[in-house]
$ cat coords.tsv   # TSV, C-alpha atoms
chain	number	residue	atom	x	y	z
O	1	MET	CA	21.67	-63.41	24.81
O	2	ARG	CA	19.69	-64.95	21.94
O	3	ILE	CA	18.06	-68.37	21.63
O	4	PRO	CA	17.09	-70.09	18.34
O	5	TYR	CA	13.34	-70.35	17.70
O	6	GLN	CA	13.16	-74.14	17.68
O	7	GLU	CA	15.25	-74.47	20.84
O	8	MET	CA	13.00	-72.06	22.69
O	9	LYS	CA	9.82	-73.77	21.51
O	10	ALA	CA	11.10	-77.26	22.39
O	11	THR	CA	12.18	-76.13	25.86
O	12	ILE	CA	8.84	-74.47	26.61
O	13	LYS	CA	6.97	-77.54	25.35
O	14	LYS	CA	9.01	-79.81	27.66
O	15	ALA	CA	8.14	-77.59	30.63
O	16	PHE	CA	4.44	-77.91	29.80
O	17	ILE	CA	4.49	-81.66	29.19
O	18	LYS	CA	6.33	-82.13	32.47
O	19	ARG	CA	3.27	-80.60	34.15
O	20	GLY	CA	0.93	-83.15	32.62
O	21	ILE	CA	-0.33	-81.03	29.74
O	22	SER	CA	-1.25	-83.13	26.71
O	23	GLU	CA	1.04	-83.25	23.67
O	24	GLU	CA	-1.49	-81.37	21.51
O	25	LYS	CA	-2.08	-78.57	24.02
O	26	ALA	CA	1.61	-78.30	24.92
O	27	GLU	CA	2.48	-77.93	21.23
O	28	LEU	CA	-0.05	-75.12	20.70
O	29	CYS	CA	0.94	-73.27	23.87
O	30	ALA	CA	4.67	-73.56	23.16
O	31	GLN	CA	4.07	-72.26	19.63
O	32	ILE	CA	2.09	-69.21	20.82
O	33	HIS	CA	4.61	-68.34	23.56
O	34	THR	CA	7.56	-68.69	21.19
O	35	GLU	CA	5.90	-66.79	18.33
O	36	SER	CA	5.07	-63.97	20.73
O	37	SER	CA	8.70	-63.59	21.78
O	38	CYS	CA	9.84	-63.96	18.18
O	39	ASP	CA	7.57	-61.07	17.16
O	40	GLY	CA	9.01	-58.91	19.94
O	41	VAL	CA	6.18	-59.35	22.47
O	42	TYR	CA	8.64	-60.69	25.03
O	43	SER	CA	6.44	-59.91	28.02
O	44	HIS	CA	3.73	-62.36	26.90
O	45	GLY	CA	5.98	-65.00	25.35
O	46	LEU	CA	8.85	-66.58	27.24
O	47	GLY	CA	8.26	-64.06	30.03
O	48	ARG	CA	4.92	-65.65	30.99
O	49	VAL	CA	5.96	-69.30	31.01
O	50	GLU	CA	7.07	-69.47	34.65
O	51	GLU	CA	3.93	-67.70	35.85
O	52	PHE	CA	1.69	-70.00	33.81
O	53	CYS	CA	3.48	-73.11	35.13
O	54	GLY	CA	2.94	-71.77	38.64
O	55	PHE	CA	-0.81	-71.51	37.99
O	56	VAL	CA	-0.81	-75.11	36.73
O	57	ASP	CA	1.17	-76.34	39.74
O	58	LYS	CA	-1.28	-74.61	42.10
O	59	LYS	CA	-4.25	-76.16	40.23
O	60	ILE	CA	-5.58	-72.71	39.40
O	61	ILE	CA	-5.50	-73.67	35.71
O	62	GLN	CA	-7.34	-76.91	34.92
O	63	ILE	CA	-5.21	-78.44	32.17
O	64	ASP	CA	-7.76	-81.13	31.24
O	65	LYS	CA	-10.75	-78.78	30.94
O	66	ASP	CA	-12.12	-77.54	27.63
O	67	PRO	CA	-14.79	-74.92	26.85
O	68	THR	CA	-18.43	-75.98	27.22
O	69	LEU	CA	-21.33	-74.34	25.41
O	70	GLU	CA	-23.61	-72.26	27.63
O	71	ASN	CA	-25.79	-70.48	25.07
O	72	ALA	CA	-26.23	-70.21	21.31
O	73	PHE	CA	-28.38	-68.10	19.02
O	74	GLY	CA	-27.63	-67.91	15.32
O	75	ALA	CA	-24.21	-66.33	14.84
O	76	ILE	CA	-23.65	-65.96	18.61
O	77	GLU	CA	-22.29	-68.56	21.03
O	78	VAL	CA	-21.21	-68.27	24.66
O	79	TYR	CA	-18.83	-70.71	26.31
O	80	ASN	CA	-17.58	-71.39	29.82
O	81	GLY	CA	-13.80	-71.81	29.72
O	82	ASN	CA	-13.89	-73.90	32.94
O	83	MET	CA	-10.59	-72.29	33.99
O	84	GLY	CA	-8.85	-74.24	31.26
O	85	ILE	CA	-5.63	-73.21	29.52
O	86	GLY	CA	-6.20	-69.70	28.19
O	87	ILE	CA	-4.34	-70.15	24.90
O	88	CYS	CA	-6.21	-73.34	24.04
O	89	ASN	CA	-9.56	-71.83	25.03
O	90	ALA	CA	-8.95	-68.64	23.02
O	91	MET	CA	-7.89	-70.57	19.93
O	92	TYR	CA	-11.00	-72.73	20.25
O	93	ALA	CA	-13.18	-69.61	20.51
O	94	THR	CA	-11.46	-68.03	17.50
O	95	ASN	CA	-12.03	-71.12	15.38
O	96	ARG	CA	-15.68	-71.34	16.46
O	97	ALA	CA	-16.20	-67.69	15.51
O	98	ILE	CA	-14.58	-68.42	12.13
O	99	SER	CA	-17.00	-71.31	11.61
O	100	LEU	CA	-19.94	-69.04	12.44
O	101	ALA	CA	-18.60	-66.40	10.04
O	102	ASP	CA	-18.45	-69.04	7.30
O	103	GLN	CA	-22.13	-69.70	7.90
O	104	TYR	CA	-23.47	-66.22	8.63
O	105	GLY	CA	-20.78	-63.82	7.39
O	106	ILE	CA	-20.08	-62.82	10.99
O	107	GLY	CA	-19.62	-64.84	14.16
O	108	MET	CA	-19.32	-63.85	17.80
O	109	VAL	CA	-18.12	-66.07	20.62
O	110	GLY	CA	-18.16	-64.98	24.24
O	111	LEU	CA	-15.80	-66.87	26.55
O	112	ASN	CA	-15.98	-66.61	30.34
O	113	ASN	CA	-14.07	-68.13	33.25
O	114	THR	CA	-10.93	-68.77	31.22
O	115	GLY	CA	-7.18	-68.63	31.73
O	116	HIS	CA	-4.96	-65.80	30.52
O	117	TRP	CA	-4.88	-65.78	26.69
O	118	MET	CA	-1.30	-64.42	26.77
O	119	ARG	CA	-0.78	-62.37	23.56
O	120	GLY	CA	-4.16	-61.35	22.20
O	121	GLY	CA	-2.71	-60.58	18.78
O	122	SER	CA	-2.05	-64.31	18.25
O	123	TYR	CA	-5.74	-64.92	17.60
O	124	GLY	CA	-6.14	-61.93	15.31
O	125	LEU	CA	-3.18	-63.15	13.25
O	126	HIS	CA	-4.62	-66.67	13.19
O	127	ALA	CA	-7.94	-65.42	11.83
O	128	SER	CA	-6.59	-62.89	9.33
O	129	ARG	CA	-3.99	-65.28	7.92
O	130	ARG	CA	-7.04	-67.34	6.95
O	131	GLY	CA	-8.77	-64.41	5.29
O	132	TYR	CA	-10.98	-63.05	8.08
O	133	ALA	CA	-11.27	-59.73	9.90
O	134	ALA	CA	-11.10	-59.95	13.69
O	135	PHE	CA	-12.23	-57.81	16.62
O	136	LEU	CA	-11.17	-59.34	19.94
O	137	TRP	CA	-10.78	-58.23	23.51
O	138	THR	CA	-10.50	-59.39	27.09
O	139	ASN	CA	-11.02	-57.70	30.42
O	140	SER	CA	-8.63	-57.98	33.34
O	141	CYS	CA	-8.18	-57.13	36.99
O	142	SER	CA	-7.46	-53.47	37.78
O	143	PHE	CA	-4.21	-51.87	36.62
O	144	MET	CA	-5.20	-48.20	36.36
O	145	PRO	CA	-7.20	-45.63	38.30
O	146	PRO	CA	-10.24	-44.07	36.65
O	147	TRP	CA	-9.48	-40.64	35.22
O	148	GLY	CA	-9.38	-38.26	38.17
O	149	GLY	CA	-8.93	-41.07	40.70
O	150	ILE	CA	-6.06	-42.61	42.64
O	151	ASP	CA	-7.19	-46.17	43.38
O	152	LYS	CA	-6.92	-48.90	40.74
O	153	ARG	CA	-10.37	-49.55	39.28
O	154	LEU	CA	-9.80	-50.15	35.53
O	155	GLY	CA	-8.29	-53.13	33.73
O	156	ASN	CA	-5.85	-52.69	30.87
O	157	ASN	CA	-8.27	-54.82	28.80
O	158	PRO	CA	-6.23	-55.72	25.68
O	159	PHE	CA	-7.98	-55.03	22.37
O	160	VAL	CA	-7.18	-56.50	18.94
O	161	MET	CA	-8.23	-55.59	15.38
O	162	SER	CA	-6.80	-57.34	12.33
O	163	LEU	CA	-7.36	-57.53	8.58
O	164	PRO	CA	-6.00	-59.86	5.88
O	165	THR	CA	-3.83	-58.31	3.18
O	166	GLY	CA	-2.89	-61.26	0.98
O	167	ASP	CA	0.46	-61.19	2.80
O	168	GLU	CA	0.93	-60.66	6.55
O	169	PRO	CA	-2.12	-59.10	8.25
O	170	VAL	CA	-2.32	-55.52	9.43
O	171	ILE	CA	-3.04	-55.70	13.13
O	172	LEU	CA	-3.66	-53.52	16.15
O	173	ASP	CA	-2.84	-55.27	19.43
O	174	LEU	CA	-2.85	-52.98	22.43
O	175	ALA	CA	-3.45	-52.78	26.12
O	176	VAL	CA	-5.55	-49.81	27.19
O	177	SER	CA	-2.76	-48.68	29.48
O	178	LEU	CA	-0.11	-46.62	27.67
O	179	TYR	CA	2.38	-49.41	28.42
O	180	SER	CA	1.07	-52.89	29.18
O	181	GLY	CA	1.82	-54.32	32.60
O	182	GLY	CA	4.02	-56.94	30.96
O	183	LYS	CA	5.98	-54.30	29.06
O	184	ILE	CA	6.59	-52.32	32.24
O	185	ASP	CA	7.73	-55.50	33.98
O	186	VAL	CA	10.23	-56.30	31.19
O	187	MET	CA	11.62	-52.74	31.29
O	188	ARG	CA	11.86	-52.99	35.07
O	189	ARG	CA	13.82	-56.23	34.86
O	190	THR	CA	16.17	-54.90	32.19
O	191	ASN	CA	16.76	-51.50	33.87
O	192	ARG	CA	15.40	-49.51	30.93
O	193	GLN	CA	13.70	-46.14	31.20
O	194	MET	CA	10.56	-45.37	29.22
O	195	PRO	CA	10.70	-42.77	26.44
O	196	TYR	CA	7.46	-41.19	27.74
O	197	PRO	CA	5.84	-41.17	31.21
O	198	GLY	CA	3.84	-44.35	31.72
O	199	GLY	CA	2.06	-43.53	34.96
O	200	TYR	CA	2.44	-42.12	38.45
O	201	ASP	CA	4.85	-43.01	41.24
O	202	VAL	CA	3.74	-43.43	44.87
O	203	ASP	CA	4.04	-39.66	45.39
O	204	GLY	CA	1.67	-38.90	42.52
O	205	ASN	CA	4.33	-37.69	40.09
O	206	LEU	CA	4.43	-38.75	36.44
O	207	SER	CA	7.38	-41.07	35.92
O	208	THR	CA	9.39	-42.85	33.22
O	209	ASP	CA	10.90	-45.23	35.79
O	210	PRO	CA	9.31	-48.72	35.48
O	211	VAL	CA	10.47	-49.66	38.99
O	212	LYS	CA	8.51	-46.75	40.47
O	213	LEU	CA	5.51	-47.48	38.27
O	214	TRP	CA	5.49	-51.15	39.29
O	215	GLU	CA	5.56	-50.09	42.92
O	216	ALA	CA	2.66	-47.65	42.54
O	217	MET	CA	0.60	-49.56	39.93
O	218	ARG	CA	-0.96	-46.30	38.68
O	219	PHE	CA	-0.51	-46.72	34.93
O	220	LEU	CA	-1.67	-44.07	32.45
O	221	PRO	CA	-4.43	-45.02	30.01
O	222	ILE	CA	-3.99	-44.34	26.30
O	223	GLY	CA	-5.59	-41.02	25.41
O	224	TYR	CA	-5.91	-40.08	29.09
O	225	TRP	CA	-9.65	-39.73	29.89
O	226	LYS	CA	-10.62	-41.26	26.54
O	227	GLY	CA	-8.58	-44.38	27.23
O	228	ALA	CA	-10.06	-44.65	30.71
O	229	THR	CA	-13.55	-44.57	29.20
O	230	PHE	CA	-12.53	-47.12	26.56
O	231	ALA	CA	-11.22	-49.46	29.28
O	232	PHE	CA	-14.50	-49.14	31.18
O	233	MET	CA	-16.61	-49.95	28.11
O	234	LEU	CA	-14.49	-52.92	27.07
O	235	ASP	CA	-14.84	-54.31	30.57
O	236	VAL	CA	-18.62	-54.07	30.89
O	237	MET	CA	-19.27	-55.11	27.29
O	238	GLY	CA	-16.94	-58.08	27.69
O	239	ALA	CA	-18.60	-59.18	30.92
O	240	CYS	CA	-22.07	-58.88	29.35
O	241	PHE	CA	-21.29	-60.48	25.98
O	242	ALA	CA	-19.37	-63.35	27.60
O	243	HIS	CA	-21.74	-63.64	30.59
O	244	GLY	CA	-18.71	-63.58	32.85
O	245	TYR	CA	-16.75	-61.65	35.44
O	246	SER	CA	-16.17	-57.90	35.29
O	247	THR	CA	-13.03	-56.11	36.48
O	248	ARG	CA	-14.79	-55.46	39.79
O	249	ASP	CA	-15.45	-59.20	40.16
O	250	LEU	CA	-11.87	-60.08	39.26
O	251	ASP	CA	-10.59	-57.61	41.86
O	252	GLU	CA	-12.78	-59.24	44.49
O	253	LEU	CA	-11.50	-62.70	43.53
O	254	GLY	CA	-7.96	-61.45	44.15
O	255	ASP	CA	-5.32	-64.19	44.08
O	256	LYS	CA	-7.86	-67.00	44.11
O	257	HIS	CA	-7.70	-67.29	40.31
O	258	GLY	CA	-4.32	-65.65	39.71
O	259	ARG	CA	-3.44	-62.54	37.74
O	260	GLY	CA	-5.01	-62.48	34.27
O	261	ASN	CA	-7.23	-65.52	34.80
O	262	ALA	CA	-11.03	-65.98	35.03
O	263	SER	CA	-11.48	-63.13	32.54
O	264	SER	CA	-14.27	-62.44	30.05
O	265	GLN	CA	-13.31	-62.47	26.38
O	266	VAL	CA	-15.08	-61.63	23.12
O	267	PHE	CA	-14.19	-62.92	19.64
O	268	ILE	CA	-15.93	-61.28	16.69
O	269	ILE	CA	-14.92	-62.61	13.28
O	270	MET	CA	-16.14	-61.27	9.92
O	271	ASP	CA	-15.76	-62.62	6.40
O	272	PRO	CA	-14.80	-59.54	4.31
O	273	LYS	CA	-15.76	-61.33	1.10
O	274	ARG	CA	-19.40	-60.81	2.13
O	275	THR	CA	-18.98	-57.02	2.05
O	276	CYS	CA	-16.27	-55.88	-0.34
O	277	GLY	CA	-14.23	-58.80	-1.64
O	278	ASP	CA	-10.51	-59.46	-1.32
O	279	ASP	CA	-9.33	-57.37	-4.28
O	280	PHE	CA	-11.04	-54.20	-3.04
O	281	MET	CA	-9.89	-54.78	0.55
O	282	PHE	CA	-6.25	-55.45	-0.36
O	283	GLU	CA	-6.19	-52.37	-2.58
O	284	GLN	CA	-7.64	-50.18	0.16
O	285	ILE	CA	-5.15	-51.45	2.73
O	286	ASN	CA	-2.15	-51.03	0.45
O	287	ASP	CA	-3.26	-47.53	-0.54
O	288	ALA	CA	-3.64	-46.63	3.15
O	289	LYS	CA	-0.16	-47.96	3.93
O	290	ASN	CA	1.36	-45.91	1.11
O	291	HIS	CA	-0.62	-42.83	2.15
O	292	ILE	CA	0.85	-42.73	5.66
O	293	LYS	CA	4.35	-43.66	4.46
O	294	GLU	CA	4.36	-40.63	2.15
O	295	SER	CA	4.22	-38.24	5.10
O	296	ARG	CA	7.30	-36.09	5.72
O	297	LEU	CA	9.22	-37.29	8.77
O	298	ALA	CA	9.45	-35.29	11.97
O	299	ALA	CA	12.90	-34.17	13.06
O	300	ASP	CA	13.23	-36.89	15.73
O	301	SER	CA	11.39	-39.60	13.78
O	302	THR	CA	12.81	-43.11	13.34
O	303	GLY	CA	10.31	-43.81	10.56
O	304	ILE	CA	6.62	-44.45	9.96
O	305	ILE	CA	5.23	-47.97	10.29
O	306	PHE	CA	1.80	-49.39	9.57
O	307	PRO	CA	0.04	-51.49	12.24
O	308	GLY	CA	1.83	-54.82	12.60
O	309	GLU	CA	4.90	-53.86	10.55
O	310	ASP	CA	7.04	-53.91	13.69
O	311	PHE	CA	6.09	-57.56	14.27
O	312	ILE	CA	7.16	-58.47	10.73
O	313	THR	CA	10.58	-56.82	10.91
O	314	THR	CA	11.28	-58.06	14.45
O	315	ARG	CA	10.25	-61.62	13.51
O	316	LYS	CA	12.63	-61.63	10.54
O	317	GLU	CA	15.56	-60.44	12.64
O	318	ASN	CA	14.86	-62.85	15.50
O	319	MET	CA	14.46	-65.85	13.17
O	320	GLU	CA	17.87	-65.03	11.68
O	321	LYS	CA	19.78	-64.09	14.84
O	322	GLY	CA	17.84	-65.87	17.59
O	323	ILE	CA	15.26	-64.50	20.02
O	324	PRO	CA	16.56	-62.13	22.74
O	325	VAL	CA	15.99	-63.36	26.29
O	326	ILE	CA	16.60	-62.12	29.81
O	327	PRO	CA	19.16	-64.70	31.01
O	328	GLU	CA	17.52	-65.37	34.38
O	329	VAL	CA	14.12	-65.84	32.71
O	330	TRP	CA	15.58	-68.32	30.21
O	331	GLU	CA	17.37	-70.22	32.96
O	332	GLY	CA	14.14	-70.37	34.94
O	333	VAL	CA	12.24	-71.89	32.01
O	334	LYS	CA	15.04	-74.39	31.37
O	335	ALA	CA	14.82	-75.45	35.01
O	336	LEU	CA	11.07	-76.04	34.60
O	337	ALA	CA	11.80	-78.29	31.62
$ encode --input "coords.tsv" --output "structure tokens"
Amino acid sequence: MRIPYQEMKATIKKAFIKRGISEEKAELCAQIHTESSCDGVYSHGLGRVEEFCGFVDKKIIQIDKDPTLENAFGAIEVYNGNMGIGICNAMYATNRAISLADQYGIGMVGLNNTGHWMRGGSYGLHASRRGYAAFLWTNSCSFMPPWGGIDKRLGNNPFVMSLPTGDEPVILDLAVSLYSGGKIDVMRRTNRQMPYPGGYDVDGNLSTDPVKLWEAMRFLPIGYWKGATFAFMLDVMGACFAHGYSTRDLDELGDKHGRGNASSQVFIIMDPKRTCGDDFMFEQINDAKNHIKESRLAADSTGIIFPGEDFITTRKENMEKGIPVIPEVWEGVKALA
């Protein structure tokens, strides 16, 4: 089942406006959710609308709150998100970091106590489409055990890097778990097996079954022990730079703030023109793309892609054919609207 882009966006926007969200905020949020699904990030697009509306209905998310400045020093600013809408807060933080980069060449904004930012890559794309490099991340409640442990103690702490190319940005947008929680949930709902083990089942066996992984919640980190260490460092650095909650704090809060909310986020934006200039940067990126594409393909390979190329091809197909949806998820969003 596929839904045209504009129909999906209009339906999501109606669901948000029905909950008292302002026209301006509803438009931005509907755009980010729809673009995420259009780019193939279904778990953080349409798939998060019902959950977000539930947070609004329960007054966990404060739809009328905006970020307030807590601290500022040169190219660094720290804001309290006041449990406002995560997408709106994250876009505000990105734009503030861009303004600081215009002034100083680099800008960093820490954002604490904010709602779920949904797809982190949205803010990297926003910055790099305007000519900036971006380094962004957020912490989260626990999804993975530390390496060598059984109990969940590490967040999946999504991390984003993006660069402008003169066309569509190259972008890395990843959760620190091998498969994001949202991806596992989508595969669970659509009865799809994973191509590689994504974690452990309740008996401690590696599994490709998303149903068993969702039951156990013992996801594998990328790079095994290296990914576990990366998750730890993103968490503590995010909490310190944003002056906010750590994964431990978020675990203690439990359901009080809802899954993915009250997190600490960091937005670092650089103006590449201050270091190398656009011509040099674009040439380097294009040469790097060509360099990896020239590799011989492995026997079972479906092709080599550069970071973000999958978003471009998926977006083109979904704009032409409509965006794939899980029927019950689409019906649920229509009911909210």
$ atom_distance --input "coords.tsv" --atom1 "atom CA of O:Asp39" --atom2 "atom CA of O:Met187"
16.9 Å
$ atom_distance --input "coords.tsv" --atom1 "atom CA of O:Thr68" --atom2 "atom CA of O:Phe267"
15.7 Å
$ atom_distance --input "coords.tsv" --atom1 "atom CA of O:Asp209" --atom2 "atom CA of O:Met194"
6.6 Å
$ axis_aligned_box --input "coords.tsv" --around "stretch 63-70 of chain O" --padding-each-side "3 Å" --output "JSON"
{"center_x": -14.4, "center_y": -76.7, "center_z": 28.8, "size_x": 24.4, "size_y": 14.9, "size_z": 12.8}
$ closest_residue --input "coords.tsv" --among "O:Leu206, O:Ile269, O:Asp235, O:Arg189" --to "O:Ile76" --atoms "all atoms listed in the file"
O:Ile269
$ residues_around --input "coords.tsv" --residues "O:Arg192" --least-positions-apart "5" --cutoff "12 Å" --atoms "only C-alpha atoms" --output "ChimeraX atom specification"
/O:183-187,208-211
$ residues_around --input "coords.tsv" --residues "O:Lys59" --least-positions-apart "3" --cutoff "12 Å" --atoms "only C-alpha atoms" --output "PyMOL selection string"
chain O and resi 19-20+52-56+62-65+83-85+115+256-258
$ closest_residue --input "coords.tsv" --among "O:Ile285, O:Ile268, O:Met161, O:Leu250" --to "O:Leu125" --atoms "all atoms listed in the file"
O:Met161
$ closest_residue --input "coords.tsv" --among "O:Ala90, O:Val329, O:Ala75, O:Leu253" --to "O:Thr190" --atoms "all atoms listed in the file"
O:Val329
$ closest_residue --input "coords.tsv" --among "O:Ile87, O:Leu46, O:Leu234, O:Val160" --to "O:Leu28" --atoms "all atoms listed in the file"
O:Ile87
$ closest_residue --input "coords.tsv" --among "O:Ile292, O:Val176, O:Ile222, O:Leu213" --to "O:Arg188" --atoms "only C-alpha atoms"
O:Leu213
$ residues_around --input "coords.tsv" --residues "O:Gly86" --least-positions-apart "3" --cutoff "9 Å" --atoms "all atoms listed in the file" --output "list in words"
Ile61, Gly81, Met83, Asn89, Ala90, Met91, Thr114, Gly115, His116, Trp117, Met118 and Asn261 of chain O
$ closest_atom_pairs --input "coords.tsv" --of "stretch 45-129 of chain O" --to "stretch 299-308 of chain O" --cutoff "12 Å" --atoms "all atoms listed in the file" --output "CSV"
residue,atom,partner,partner_atom,distance
O:Gly121,CA,O:Gly308,CA,9.6
O:Ser122,CA,O:Gly308,CA,11.7
O:Gly124,CA,O:Gly308,CA,11.0
O:Leu125,CA,O:Gly308,CA,9.7
$ residues_around --input "coords.tsv" --residues "O:Ala15" --least-positions-apart "4" --cutoff "8 Å" --atoms "all atoms listed in the file" --output "PyMOL selection string"
chain O and resi 11+19+53+333-334+336-337
$ closest_residue --input "coords.tsv" --among "O:Trp214, O:Ala288, O:Ile32, O:Phe241" --to "O:Gly110" --atoms "only C-alpha atoms"
O:Phe241
$ build_atoms --input "coords.tsv" --residues "stretch 287-308 of chain O" --atoms "N, CA and C atoms" --output "short mmCIF file (atom, residue, chain, number, x, y, z; two decimals), in the coordinates of the input"
data_model
loop_
_atom_site.label_atom_id
_atom_site.label_comp_id
_atom_site.auth_asym_id
_atom_site.auth_seq_id
_atom_site.Cartn_x
_atom_site.Cartn_y
_atom_site.Cartn_z
N ASP O 287 -3.22 -48.97 -0.32
CA ASP O 287 -3.26 -47.53 -0.54
C ASP O 287 -3.11 -46.77 0.77
N ALA O 288 -3.74 -47.28 1.83
CA ALA O 288 -3.64 -46.63 3.15
C ALA O 288 -2.22 -46.70 3.69
N LYS O 289 -1.56 -47.83 3.51
CA LYS O 289 -0.16 -47.96 3.93
C LYS O 289 0.70 -46.91 3.22
N ASN O 290 0.55 -46.86 1.90
CA ASN O 290 1.36 -45.91 1.11
C ASN O 290 1.06 -44.47 1.50
N HIS O 291 -0.20 -44.20 1.80
CA HIS O 291 -0.62 -42.83 2.15
C HIS O 291 0.10 -42.33 3.40
N ILE O 292 0.18 -43.18 4.43
CA ILE O 292 0.85 -42.73 5.66
C ILE O 292 2.37 -42.70 5.49
N LYS O 293 2.90 -43.61 4.67
CA LYS O 293 4.35 -43.66 4.46
C LYS O 293 4.86 -42.43 3.70
N GLU O 294 3.97 -41.79 2.94
CA GLU O 294 4.36 -40.63 2.15
C GLU O 294 4.48 -39.35 2.97
N SER O 295 4.10 -39.43 4.25
CA SER O 295 4.22 -38.24 5.10
C SER O 295 5.69 -37.86 5.30
N ARG O 296 5.97 -36.56 5.35
CA ARG O 296 7.30 -36.09 5.72
C ARG O 296 7.60 -36.49 7.16
N LEU O 297 8.83 -36.84 7.44
CA LEU O 297 9.22 -37.29 8.77
C LEU O 297 9.49 -36.11 9.70
N ALA O 298 9.10 -36.26 10.94
CA ALA O 298 9.45 -35.29 11.97
C ALA O 298 10.94 -35.35 12.25
N ALA O 299 11.45 -34.29 12.86
CA ALA O 299 12.90 -34.17 13.06
C ALA O 299 13.46 -35.34 13.87
N ASP O 300 12.72 -35.82 14.87
CA ASP O 300 13.23 -36.89 15.73
C ASP O 300 12.65 -38.25 15.37
N SER O 301 12.06 -38.37 14.18
CA SER O 301 11.39 -39.60 13.78
C SER O 301 12.38 -40.70 13.43
N THR O 302 12.03 -41.94 13.77
CA THR O 302 12.81 -43.11 13.34
C THR O 302 12.11 -43.82 12.19
N GLY O 303 11.03 -43.22 11.68
CA GLY O 303 10.31 -43.81 10.56
C GLY O 303 8.85 -44.01 10.87
N ILE O 304 8.05 -44.23 9.83
CA ILE O 304 6.62 -44.45 9.96
C ILE O 304 6.33 -45.92 9.66
N ILE O 305 5.58 -46.57 10.51
CA ILE O 305 5.23 -47.97 10.29
C ILE O 305 3.71 -48.12 10.30
N PHE O 306 3.23 -49.06 9.53
CA PHE O 306 1.80 -49.39 9.57
C PHE O 306 1.56 -50.42 10.67
N PRO O 307 0.32 -50.58 11.13
CA PRO O 307 0.04 -51.49 12.24
C PRO O 307 0.46 -52.93 11.93
N GLY O 308 1.33 -53.47 12.76
CA GLY O 308 1.83 -54.82 12.60
C GLY O 308 3.16 -54.92 11.88
#
